[in-house]
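Written below as structure tokens is the structure these notes are about.
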Amino acid sequence: MGQGPGEDFAEFAAARAGHMYRSACLLTAGDTHLAEDLVQEALGRIYLRWGRVSRVGNPAGYAQTVLTRTFLAHRRRFSSSERARDSFPELADTGADPSLRLTLLDALARLPAKDRAVVVLRYWEDRSIHETADTLNMSSAAVRTRCVRALARLRELLGEELAEYARS
């Protein structure tokens, strides 16, 4: 006997939630509580359309698009509020310098929300310019422009010794 739609969605959510959470942490520049809320809201929206979503060729890509749009909608609603953060997401120790990770998250936090979304989609999610443009409902030229400006701003924020992390 096959799985029901609820079981199918639960399996999908369990498999994608970790990746979505890491992306949300980058989008929110380390605000783990907001990242959890965004993932939960995105998964709720996906569940409502699961019958249709489960038939598309790339439900994982659809989930990332919903997550990014949920983040941008949240930023529009609460654009005047600042949120303090006292901790960053716990990540597996890869031998990388934790202060570098904090510096990079701080630099991401200083980018405008749409620029941060472009950087995360292009360089964390490894999406093409066209896919990023579709996700963000903007033209490919606008994505290219935002990429150039965001990377230049990151290089400026990171200084000479860390600018290599903001190369395109």
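Ligands are numbered from 1 in the order shown, chains are lettered A, B, ... in the order of the structure tokens, and residues start at 1 in each chain.
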With only C-alpha atoms as the counted atoms, please give the residues lying no more than 8 Å from region 63-69 of chain A, apart from itself and same-chain residues fewer than 6 positions off, as a PDB file with C-alpha atoms, in the first residue's frame.
ATOM      1  CA  MET A  20      16.115  25.006   4.465  1.00  0.00           C
ATOM      2  CA  ALA A  24      17.225  30.609   6.367  1.00  0.00           C
ATOM      3  CA  LEU A  27      19.112  34.834   4.835  1.00  0.00           C
ATOM      4  CA  LEU A  38      10.586  31.104   8.277  1.00  0.00           C
ATOM      5  CA  VAL A  39      11.150  27.393   7.676  1.00  0.00           C
ATOM      6  CA  ALA A  42       7.416  27.972   4.302  1.00  0.00           C
ATOM      7  CA  LEU A  43       6.695  24.308   5.053  1.00  0.00           C
ATOM      8  CA  ARG A  45       2.636  27.030   2.726  1.00  0.00           C
ATOM      9  CA  ILE A  46       4.058  24.055   0.843  1.00  0.00           C
ATOM     10  CA  ALA A 117      18.836  36.848  -0.863  1.00  0.00           C
ATOM     11  CA  THR A 135      12.684  33.105  -7.454  1.00  0.00           C
ATOM     12  CA  LEU A 136      12.909  36.796  -6.654  1.00  0.00           C
TER      13      LEU A 136
END
Contact residues around Ala133 (chain A) with only C-alpha atoms at 9 Å, ignoring same-chain residues under 6 positions, as a PDB file with C-alpha atoms, in the first residue's frame:
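Result written to around.pdb:
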ATOM      1  CA  VAL A 118      20.677  37.141  -4.198  1.00  0.00           C
ATOM      2  CA  SER A 139      14.976  40.442 -14.243  1.00  0.00           C
ATOM      3  CA  SER A 140      18.246  38.642 -14.904  1.00  0.00           C
ATOM      4  CA  ALA A 141      19.923  42.038 -15.336  1.00  0.00           C
ATOM      5  CA  ALA A 142      18.707  43.100 -11.885  1.00  0.00           C
ATOM      6  CA  VAL A 143      20.154  39.905 -10.384  1.00  0.00           C
TER       7      VAL A 143
END
- When distances are computed from only C-alpha atoms, which of A:Ala13, A:Pro112, A:His130, A:Leu100 shows the smallest separation from Leu158 (chain A)? A:Leu100
- Members of region 127-164 of chain A assigned helix (DSSP H, G or I) by DSSP, as a VMD selection string: chain A and resid 129 to 136 140 to 158 160 to 164
- Query: Between A:Thr145, A:Gly6, A:Leu34, A:Phe12, which has the minimum distance to Asn58 (chain A) (counting only C-alpha atoms)?
  - Reply: A:Phe12
- Task: Would you mind reading off the distance between CA of Trp124 (chain A) and CA of His19 (chain A), one decimal, in Å?
- Result: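 That distance, rounded to one decimal, is 10.6 Å.
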- Message: Please list as a list in words every residue within 10 Å of Leu104 (chain A), counting only C-alpha atoms and excluding residues in the same chain fewer than 2 positions away.
- Response: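 The contact residues come out as Leu26, Ala29, Pro98, Ser99, Leu100, Arg101, Leu102, Asp106, Ala107, Leu108, Ala109, Leu154, Leu157, Leu158, Leu162, Tyr165 and Ala166 of chain A.
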Give me a file of those residues, with N, CA and C atoms, as a PDB file, in the first residue's frame.
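And here is the file that came out, selection.pdb:
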ATOM      1  N   LEU A  26      21.296  31.870   6.869  1.00  0.00           N
ATOM      2  CA  LEU A  26      22.074  32.806   6.058  1.00  0.00           C
ATOM      3  C   LEU A  26      21.220  33.995   5.638  1.00  0.00           C
ATOM      4  N   ALA A  29      20.889  36.262   8.428  1.00  0.00           N
ATOM      5  CA  ALA A  29      22.203  36.648   8.956  1.00  0.00           C
ATOM      6  C   ALA A  29      22.396  36.166  10.389  1.00  0.00           C
ATOM      7  N   PRO A  98      35.995  29.824  13.610  1.00  0.00           N
ATOM      8  CA  PRO A  98      34.660  30.313  13.971  1.00  0.00           C
ATOM      9  C   PRO A  98      34.564  31.836  13.885  1.00  0.00           C
ATOM     10  N   SER A  99      35.651  32.536  14.130  1.00  0.00           N
ATOM     11  CA  SER A  99      35.585  33.993  14.038  1.00  0.00           C
ATOM     12  C   SER A  99      35.372  34.424  12.586  1.00  0.00           C
ATOM     13  N   LEU A 100      35.884  33.655  11.639  1.00  0.00           N
ATOM     14  CA  LEU A 100      35.649  33.942  10.224  1.00  0.00           C
ATOM     15  C   LEU A 100      34.171  33.783   9.902  1.00  0.00           C
ATOM     16  N   ARG A 101      33.567  32.708  10.415  1.00  0.00           N
ATOM     17  CA  ARG A 101      32.131  32.479  10.190  1.00  0.00           C
ATOM     18  C   ARG A 101      31.320  33.643  10.749  1.00  0.00           C
ATOM     19  N   LEU A 102      31.658  34.101  11.947  1.00  0.00           N
ATOM     20  CA  LEU A 102      30.941  35.223  12.551  1.00  0.00           C
ATOM     21  C   LEU A 102      31.144  36.507  11.749  1.00  0.00           C
ATOM     22  N   ASP A 106      28.180  38.533   9.952  1.00  0.00           N
ATOM     23  CA  ASP A 106      28.003  39.953  10.241  1.00  0.00           C
ATOM     24  C   ASP A 106      27.986  40.769   8.948  1.00  0.00           C
ATOM     25  N   ALA A 107      28.878  40.430   8.028  1.00  0.00           N
ATOM     26  CA  ALA A 107      28.914  41.139   6.741  1.00  0.00           C
ATOM     27  C   ALA A 107      27.616  40.895   5.966  1.00  0.00           C
ATOM     28  N   LEU A 108      27.115  39.658   5.972  1.00  0.00           N
ATOM     29  CA  LEU A 108      25.839  39.371   5.312  1.00  0.00           C
ATOM     30  C   LEU A 108      24.704  40.177   5.939  1.00  0.00           C
ATOM     31  N   ALA A 109      24.731  40.324   7.255  1.00  0.00           N
ATOM     32  CA  ALA A 109      23.673  41.049   7.958  1.00  0.00           C
ATOM     33  C   ALA A 109      23.624  42.512   7.543  1.00  0.00           C
ATOM     34  N   LEU A 154      30.415  43.404   0.199  1.00  0.00           N
ATOM     35  CA  LEU A 154      31.029  42.400   1.075  1.00  0.00           C
ATOM     36  C   LEU A 154      32.545  42.561   1.100  1.00  0.00           C
ATOM     37  N   LEU A 157      33.275  45.455   3.313  1.00  0.00           N
ATOM     38  CA  LEU A 157      33.049  45.140   4.724  1.00  0.00           C
ATOM     39  C   LEU A 157      34.098  44.182   5.287  1.00  0.00           C
ATOM     40  N   LEU A 158      34.560  43.253   4.451  1.00  0.00           N
ATOM     41  CA  LEU A 158      35.491  42.231   4.928  1.00  0.00           C
ATOM     42  C   LEU A 158      36.938  42.708   4.959  1.00  0.00           C
ATOM     43  N   LEU A 162      40.224  39.445   3.972  1.00  0.00           N
ATOM     44  CA  LEU A 162      39.105  38.509   3.828  1.00  0.00           C
ATOM     45  C   LEU A 162      38.329  38.699   2.531  1.00  0.00           C
ATOM     46  N   TYR A 165      36.833  35.920   0.077  1.00  0.00           N
ATOM     47  CA  TYR A 165      35.570  35.209   0.283  1.00  0.00           C
ATOM     48  C   TYR A 165      34.423  35.868  -0.453  1.00  0.00           C
ATOM     49  N   ALA A 166      34.623  37.054  -0.989  1.00  0.00           N
ATOM     50  CA  ALA A 166      33.576  37.755  -1.717  1.00  0.00           C
ATOM     51  C   ALA A 166      33.901  37.856  -3.206  1.00  0.00           C
TER      52      ALA A 166
END
